[in-house]
Every structure is written in structure tokens, then in C-alpha cells.
Amino acid sequence: MGADVGLPRAQRARHRRRARGLPRAPRRAGHAPARALRHRPRDPAGRARPGPAEDRARAVILRREGEHVLGVTQTAHSALTGHIAAAWTPRPELPWDALLTAAAIHDVGWAPWELAPQIDPRTGLPYQFYEVPDREYAEIWARGTDAAATFGRTVGLLVSRHFTRLAGRREGVRELIERERERQAALTAALGLDAATLDAASDLLARWDAISLDVCGGREPELGAWPFAVDRLVVRFEARELPAGAIVAREVGMAGGGSGHPHARA
């Protein structure tokens, strides 16, 4: 308790990052000029200024419709994942309630980033979620797995497993992956869940996540045999025209045909 008290500020920050499993922060250039963010409103001199949150182009999933580019926030996608999960045919052998909650909040760690997303200088658009640099990615998921744990131990375990599944190939987040592996081992032992149940739950969460990403990105999801408990499913989400355009609503309907394949429309 209070182990960092009395240390220099920079050293305390390094200790906090190490304790959370985050990679070391890179050194900052002494007087590097700030790069203007193209999606932000500008003052008369042409300088970018933050503006209110509702005026920012918040998006990490890009949806192209003709010549237009729409952005869907990662948190909106996460909520949509929860709606898809809630319509799924239940599997009583799995921790169903916790799994539905995990689906809806699995990207909760992205919320602060969405308020001021980084811009890809090559495109002038926000980075897509898979393009976010490792340091920021680790910060987002360290925050997200900690937040998910507040919804319950099983929810926290499922979201932690989802993160390590997604981040397995990112060398820059190995410390956080190791931290989460320790969390998973402790929670698995405490909850008494077997590996087969956890693997099945994690597979289903990943499948819901992929369907939601397809819907948000304007692609027809691969459903195979009709998996929902209803004959027709209509999901809705909001997107923003980029850069810094109007917010628009999108509706996608899916119905099980005679072949079991969905029919999606936007």
C-alpha cells in the first residue's frame, strides 16, 4: 500500500503501467508539433480544436456506401452484439446470462477512446479497431477487462478470454496477455467451470462479435443454419457520415429462408 509514494512522478507512472500489464510508454519528442486532426472542427486560423463530443467523428468500424463512408463506434457495435446474442437460440449448458452480458459490454474499454479517436494520417479517417497501435490497444483492453470484471466474475472471465483470443498475434501487448492469463486461471478455479464449457462460450461470443462486425461493416453475415429463436431478426444501429458528418440510422433485417440462409438488407 502506498509503495509509489515519494518516487518521482515519471517513475510512479512507470510503476502503475507495469502493475497493470501495459507496455512502456514511448519517449516523447521535446517540441514535436501536434498533428491536426482532420475530423475536428477548426478555428479561423485553421487549427484543429476539440469541439463538443457530439461534433467529433467517432468511429472505428468503417462502412462504405457508394462514395460515402460511415463510421460505427466500437461501443455501438458491442451493444449490437448483445442484441444479436439475446435473439440467439439459448444453450442451457452454457452460463447464458453472463454470456449475454459479456456480448453486450465486451468493448466497454473503448468508450473513452471513442470520444477522441486517433486519426490515420494516410486516410484522414479514424483508425479501424484492428489498426490501433499496440500501446493504445493495450490501454483500451486493460481498462476494458477491468471494467468487465465489475459486471460479475463470469462476465469478467469471458471478456478477458475474448481479449486474449483477439490479441494473440500482437507482440506489443504480451505483458497484458500474461496478466489476463493469470486472471483467467484464478477465475476459472474459483468458479469451477470446465474447459469445454468455457471454450464453447468463448466460441459463441466470438461468433456473435463477427456477425455484428459484418452487419456494421455492410457485409452479409455468414450464419449457416438459422441460429435465432425468432423467424426474423431486425437490428438497428447508428453511424456517422465521415468526416464529421450527420448521424444516420441503419436497419438490417435477417430472415431464415427455406435453405436456412439469411437475407440481409440495409
# chains A, B, ... in the order shown; residues from 1 in each chain; ligands from 1
>>> select_by_dssp(residues="range 29-191 of chain A", states="strand (DSSP E)", output="list in words")
Ile61, Leu62, Arg63, Arg64, Glu65, His68, Val69, Leu70, Gly71, Val72, Ile119, Asp120, Leu125 and Pro126 of chain A
>>> residues_around(residues="Arg207 in chain A", least_positions_apart="6", cutoff="10 Å", atoms="only C-alpha atoms", output="count of residues only")
6
>>> select_by_dssp(residues="range 27-231 of chain A", states="helix (DSSP H, G or I)", output="ChimeraX atom specification")
/A:53-55,74-87,96-105,108-115,129-131,134-149,153-166,171-191,195-216
>>> residues_around(residues="Glu238 in chain A", least_positions_apart="4", cutoff="10 Å", atoms="only C-alpha atoms", output="JSON, numbers by chain")
{"A": [70, 71, 72, 73, 76, 77, 216, 247, 248, 249, 250, 251]}
>>> closest_residue(among="A:Glu241, A:Glu131, A:Glu93, A:Asp146", to="Thr197 in chain A", atoms="only C-alpha atoms")
A:Glu93
>>> closest_residue(among="A:Gly168, A:Gly124, A:Gly217, A:Gly156", to="Ala186 in chain A", atoms="only C-alpha atoms")
A:Gly156
>>> residues_around(residues="range 150-153 of chain A", least_positions_apart="4", cutoff="9 Å", atoms="only C-alpha atoms", output="list in words")
Ala98, Thr101, Ala102, Asp146, Leu157, Leu158, Leu187 and Leu191 of chain A
>>> write_last_selection(atoms="N, CA and C atoms", output="compact mmCIF listing (two decimals), in the first residue's frame")
# COMPACT_ATOMS: atom_id res chain seq x y z
N ALA A 98 -24.59 -14.63 -18.12
CA ALA A 98 -23.29 -13.96 -18.11
C ALA A 98 -22.75 -13.81 -19.53
N THR A 101 -24.46 -10.86 -21.20
CA THR A 101 -23.90 -9.61 -20.69
C THR A 101 -22.53 -9.35 -21.28
N ALA A 102 -21.69 -10.38 -21.34
CA ALA A 102 -20.36 -10.22 -21.91
C ALA A 102 -20.43 -9.77 -23.36
N ASP A 146 -10.77 -4.79 -16.90
CA ASP A 146 -11.04 -4.38 -15.51
C ASP A 146 -12.50 -3.97 -15.34
N LEU A 157 -14.43 -13.04 -16.77
CA LEU A 157 -13.65 -14.14 -17.33
C LEU A 157 -13.87 -14.25 -18.83
N LEU A 158 -15.12 -14.16 -19.27
CA LEU A 158 -15.42 -14.31 -20.70
C LEU A 158 -14.84 -13.17 -21.52
N LEU A 187 -9.91 -17.04 -11.93
CA LEU A 187 -11.37 -17.04 -12.01
C LEU A 187 -11.92 -18.42 -12.38
N LEU A 191 -14.55 -20.31 -10.00
CA LEU A 191 -15.90 -20.55 -10.49
C LEU A 191 -16.18 -22.03 -10.75
>>> residues_around(residues="Leu204 in chain A", least_positions_apart="3", cutoff="10 Å", atoms="only C-alpha atoms", output="MDAnalysis selection string")
chainID A and resid 85 94 99 103 198:201 207:210
>>> write_last_selection(atoms="all heavy atoms", output="mmCIF file, in the first residue's frame")
data_model
loop_
_atom_site.group_PDB
_atom_site.id
_atom_site.type_symbol
_atom_site.label_atom_id
_atom_site.label_comp_id
_atom_site.auth_asym_id
_atom_site.auth_seq_id
_atom_site.Cartn_x
_atom_site.Cartn_y
_atom_site.Cartn_z
ATOM 1 N N ALA A 85 -26.974 -11.579 -29.613
ATOM 2 C CA ALA A 85 -26.882 -12.670 -28.641
ATOM 3 C C ALA A 85 -28.233 -12.939 -27.978
ATOM 4 O O ALA A 85 -28.623 -14.098 -27.772
ATOM 5 C CB ALA A 85 -25.837 -12.327 -27.584
ATOM 6 N N LEU A 94 -24.544 -23.638 -21.150
ATOM 7 C CA LEU A 94 -23.568 -22.559 -21.014
ATOM 8 C C LEU A 94 -24.043 -21.552 -19.966
ATOM 9 O O LEU A 94 -25.247 -21.459 -19.694
ATOM 10 C CB LEU A 94 -23.373 -21.853 -22.359
ATOM 11 C CG LEU A 94 -22.885 -22.721 -23.520
ATOM 12 C CD1 LEU A 94 -22.726 -21.880 -24.783
ATOM 13 C CD2 LEU A 94 -21.580 -23.416 -23.174
ATOM 14 N N LEU A 99 -23.020 -14.787 -20.377
ATOM 15 C CA LEU A 99 -22.551 -14.735 -21.758
ATOM 16 C C LEU A 99 -23.247 -13.612 -22.526
ATOM 17 O O LEU A 99 -22.611 -12.891 -23.308
ATOM 18 C CB LEU A 99 -22.796 -16.084 -22.430
ATOM 19 C CG LEU A 99 -22.254 -16.297 -23.844
ATOM 20 C CD1 LEU A 99 -20.768 -15.974 -23.924
ATOM 21 C CD2 LEU A 99 -22.521 -17.732 -24.293
ATOM 22 N N ALA A 103 -21.393 -10.308 -24.103
ATOM 23 C CA ALA A 103 -21.545 -9.915 -25.504
ATOM 24 C C ALA A 103 -21.864 -8.427 -25.621
ATOM 25 O O ALA A 103 -21.318 -7.723 -26.478
ATOM 26 C CB ALA A 103 -22.648 -10.745 -26.159
ATOM 27 N N LEU A 198 -16.144 -23.379 -21.094
ATOM 28 C CA LEU A 198 -15.562 -22.068 -21.374
ATOM 29 C C LEU A 198 -15.205 -21.917 -22.848
ATOM 30 O O LEU A 198 -15.414 -20.854 -23.438
ATOM 31 C CB LEU A 198 -14.324 -21.858 -20.509
ATOM 32 C CG LEU A 198 -14.584 -21.525 -19.041
ATOM 33 C CD1 LEU A 198 -13.276 -21.489 -18.266
ATOM 34 C CD2 LEU A 198 -15.315 -20.192 -18.912
ATOM 35 N N ASP A 199 -14.673 -22.964 -23.448
ATOM 36 C CA ASP A 199 -14.322 -22.888 -24.867
ATOM 37 C C ASP A 199 -15.569 -22.692 -25.726
ATOM 38 O O ASP A 199 -15.566 -21.900 -26.676
ATOM 39 C CB ASP A 199 -13.586 -24.154 -25.302
ATOM 40 C CG ASP A 199 -12.166 -24.222 -24.760
ATOM 41 O OD1 ASP A 199 -11.664 -23.182 -24.293
ATOM 42 O OD2 ASP A 199 -11.571 -25.318 -24.801
ATOM 43 N N ALA A 200 -16.645 -23.404 -25.395
ATOM 44 C CA ALA A 200 -17.882 -23.265 -26.162
ATOM 45 C C ALA A 200 -18.459 -21.861 -26.009
ATOM 46 O O ALA A 200 -18.938 -21.256 -26.980
ATOM 47 C CB ALA A 200 -18.899 -24.309 -25.709
ATOM 48 N N ALA A 201 -18.415 -21.324 -24.787
ATOM 49 C CA ALA A 201 -18.919 -19.971 -24.556
ATOM 50 C C ALA A 201 -18.070 -18.942 -25.295
ATOM 51 O O ALA A 201 -18.597 -18.002 -25.904
ATOM 52 C CB ALA A 201 -18.944 -19.670 -23.059
ATOM 53 N N ARG A 207 -18.322 -15.652 -32.297
ATOM 54 C CA ARG A 207 -19.218 -15.720 -33.453
ATOM 55 C C ARG A 207 -20.179 -14.540 -33.473
ATOM 56 O O ARG A 207 -20.405 -13.919 -34.512
ATOM 57 C CB ARG A 207 -19.997 -17.040 -33.426
ATOM 58 C CG ARG A 207 -20.809 -17.271 -34.698
ATOM 59 C CD ARG A 207 -21.529 -18.598 -34.689
ATOM 60 N NE ARG A 207 -22.297 -18.763 -35.923
ATOM 61 C CZ ARG A 207 -23.209 -19.707 -36.108
ATOM 62 N NH1 ARG A 207 -23.454 -20.592 -35.146
ATOM 63 N NH2 ARG A 207 -23.871 -19.787 -37.246
ATOM 64 N N TRP A 208 -20.760 -14.216 -32.324
ATOM 65 C CA TRP A 208 -21.648 -13.051 -32.253
ATOM 66 C C TRP A 208 -20.899 -11.774 -32.621
ATOM 67 O O TRP A 208 -21.427 -10.911 -33.329
ATOM 68 C CB TRP A 208 -22.219 -12.918 -30.845
ATOM 69 C CG TRP A 208 -23.161 -14.003 -30.449
ATOM 70 C CD1 TRP A 208 -23.927 -14.779 -31.275
ATOM 71 C CD2 TRP A 208 -23.451 -14.441 -29.113
ATOM 72 N NE1 TRP A 208 -24.672 -15.674 -30.540
ATOM 73 C CE2 TRP A 208 -24.404 -15.488 -29.215
ATOM 74 C CE3 TRP A 208 -23.007 -14.061 -27.853
ATOM 75 C CZ2 TRP A 208 -24.913 -16.145 -28.091
ATOM 76 C CZ3 TRP A 208 -23.506 -14.712 -26.735
ATOM 77 C CH2 TRP A 208 -24.453 -15.739 -26.857
ATOM 78 N N ASP A 209 -19.679 -11.659 -32.132
ATOM 79 C CA ASP A 209 -18.846 -10.494 -32.424
ATOM 80 C C ASP A 209 -18.639 -10.370 -33.933
ATOM 81 O O ASP A 209 -18.756 -9.279 -34.510
ATOM 82 C CB ASP A 209 -17.511 -10.654 -31.698
ATOM 83 C CG ASP A 209 -16.632 -9.422 -31.772
ATOM 84 O OD1 ASP A 209 -17.167 -8.306 -31.907
ATOM 85 O OD2 ASP A 209 -15.402 -9.568 -31.689
ATOM 86 N N ALA A 210 -18.340 -11.479 -34.595
ATOM 87 C CA ALA A 210 -18.086 -11.459 -36.034
ATOM 88 C C ALA A 210 -19.344 -11.090 -36.818
ATOM 89 O O ALA A 210 -19.286 -10.331 -37.799
ATOM 90 C CB ALA A 210 -17.559 -12.820 -36.486
#
>>> closest_residue(among="A:Ala190, A:Tyr137, A:Ser160, A:Arg143", to="Val173 in chain A", atoms="only C-alpha atoms")
A:Tyr137
>>> atom_distance(atom1="CA of Ala229 in chain A", atom2="CA of Ile105 in chain A")
21.7 Å
>>> residues_around(residues="range 107-109 of chain A", least_positions_apart="3", cutoff="9 Å", atoms="only C-alpha atoms", output="list in words")
Gln74, Thr75, His77, Ser78, Ala79, Ala103, Ala104, Pro112, Trp113, Glu139, Ile140, Trp141, Ala142, Arg143, Gly144, Thr145, Asp146, Ala147, Ala148 and Val159 of chain A
